[in-house]
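Below is one structure, written out as structure tokens; the observations come after it.
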Amino acid sequence: MMERNRYLVIIKLIFNFADFFRGNVNNPDQYQIAFSGLNSGTHQFDFIIGNSFFEQVKDTEITGGSVSVVITMAKDERMMDLHLAIEGKVSVACDRCNEQMEMDVKGNERLIIKLGDRYYEESDDVQVIPDTAHQFDMSPFLYEYIHLLLPIRRVHPEDDQGNSRCDPEIIRKLKELSESHMPDPRWEALNQLKKKNKS
């Protein structure tokens, strides 16, 4: 349920994010699907998302990566049904030691694009664009779909011996802090008072 809610919130932000992306991604044409003039039927589009794509977004959790996206589009006269197969690696900060690490991302997404009188979101996975448009900018969707494939908790995996691959100095300091933490005696006094009141 939590993942679904997270997904819905992010999808709601995509069109606001799209305006930012159009102004900040160099060579945005490489992420366009030019559908005008294509015959009805199935078409395939291949995108390689590299470091430069992620580096242009400020305050992002993804700092780099290499991700392949294969889009299979079924085109009708006034609708396009897109199926995205996403696979690759991205660089993110470890939640435990804050060092950069690579994470595998792999998944499938679906997006339906309909032609209408203006831009609006009909539902979570259905976007309407003006029938005067001749291409569709996939860059914000590519970014968000890749982002959605990240797990909530991101930590370095353990090695073959079961040892953490996190920065050993950070792990040592965390262990020291954990061991040196002594409970505040005032809290203990309060706990005793609560126990006394219950009896």
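Letters for chains follow the order of the structure tokens (A, B, ...), residue numbers begin at 1 for each chain, and ligand numbers begin at 1 in the order shown.
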Give me, as a count of residues only, all polymer residues having an atom no more than 9 Å from range 149-164 of chain A, counting only C-alpha atoms and skipping those fewer than 2 positions away in the same chain.
24
Rows by chain and residue number, range 29-93 of chain A within 7 Å of range 125-140 of chain A, shortest pair, only C-alpha atoms, as CSV:
```
residue,atom,partner,partner_atom,distance
A:Tyr31,CA,A:Ser139,CA,5.5
A:Gln32,CA,A:Asp137,CA,4.5
A:Ile33,CA,A:Phe136,CA,5.1
A:Ala34,CA,A:Gln135,CA,4.1
A:Phe35,CA,A:Gln135,CA,5.5
A:Ser36,CA,A:His134,CA,4.7
```
Residues of range 24-189 of chain A classed as alpha helix (DSSP H) by DSSP on the backbone are to be reported as a count of residues only.
34
Just want the 6 Å neighbourhood of Val70 in chain A, counted on only C-alpha atoms, with same-chain residues fewer than 5 positions away dropped. Output as a PyMOL selection string.
chain A and resi 45-46+84-85
Would you write out those residues with N, CA and C atoms, as a short mmCIF file (atom, residue, chain, number, x, y, z; two decimals), in the first residue's frame?
```cif
data_model
loop_
_atom_site.label_atom_id
_atom_site.label_comp_id
_atom_site.auth_asym_id
_atom_site.auth_seq_id
_atom_site.Cartn_x
_atom_site.Cartn_y
_atom_site.Cartn_z
N PHE A 45 11.14 1.94 -29.69
CA PHE A 45 12.08 3.04 -29.45
C PHE A 45 13.05 2.60 -28.36
N ASP A 46 14.34 2.85 -28.59
CA ASP A 46 15.37 2.47 -27.63
C ASP A 46 16.05 3.72 -27.09
N LEU A 84 7.15 -0.09 -21.38
CA LEU A 84 8.55 0.21 -21.16
C LEU A 84 9.23 -0.93 -20.42
N ALA A 85 10.34 -1.42 -20.96
CA ALA A 85 11.20 -2.41 -20.28
C ALA A 85 12.47 -1.67 -19.87
#
```
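You can rank A:Thr72, A:Ser66, A:Thr60, A:Gln192 by their closest distance to Gly41 in chain A using only C-alpha atoms, and at the top of that list sits A:Thr72.
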May I ask for the distance between CA of Ile49 in chain A and CA of Met73 in chain A, given in Å to one decimal place?
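It comes out at 18.7 Å.
Among the candidates A:Asp59, A:Asp124, A:Leu142, A:Asn39, the residue lying nearest to Ile71 in chain A is A:Leu142 (atoms considered: only C-alpha atoms).
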Could you please determine the separation between CA of Val69 in chain A and CA of Ile86 in chain A in Å, to one decimal place?
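CA of Ile86 in chain A lies at a distance of 4.6 Å from CA of Val69 in chain A.
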Within 9 Å of Leu82 in chain A, counting only C-alpha atoms, which residues show up once you throw out same-chain ones fewer than 3 positions away? Write them as a ChimeraX atom specification, please.
/A:71-75,109-113
Do you have the CA of Leu174 in chain A-CA of Val90 in chain A distance handy?
26.1 Å
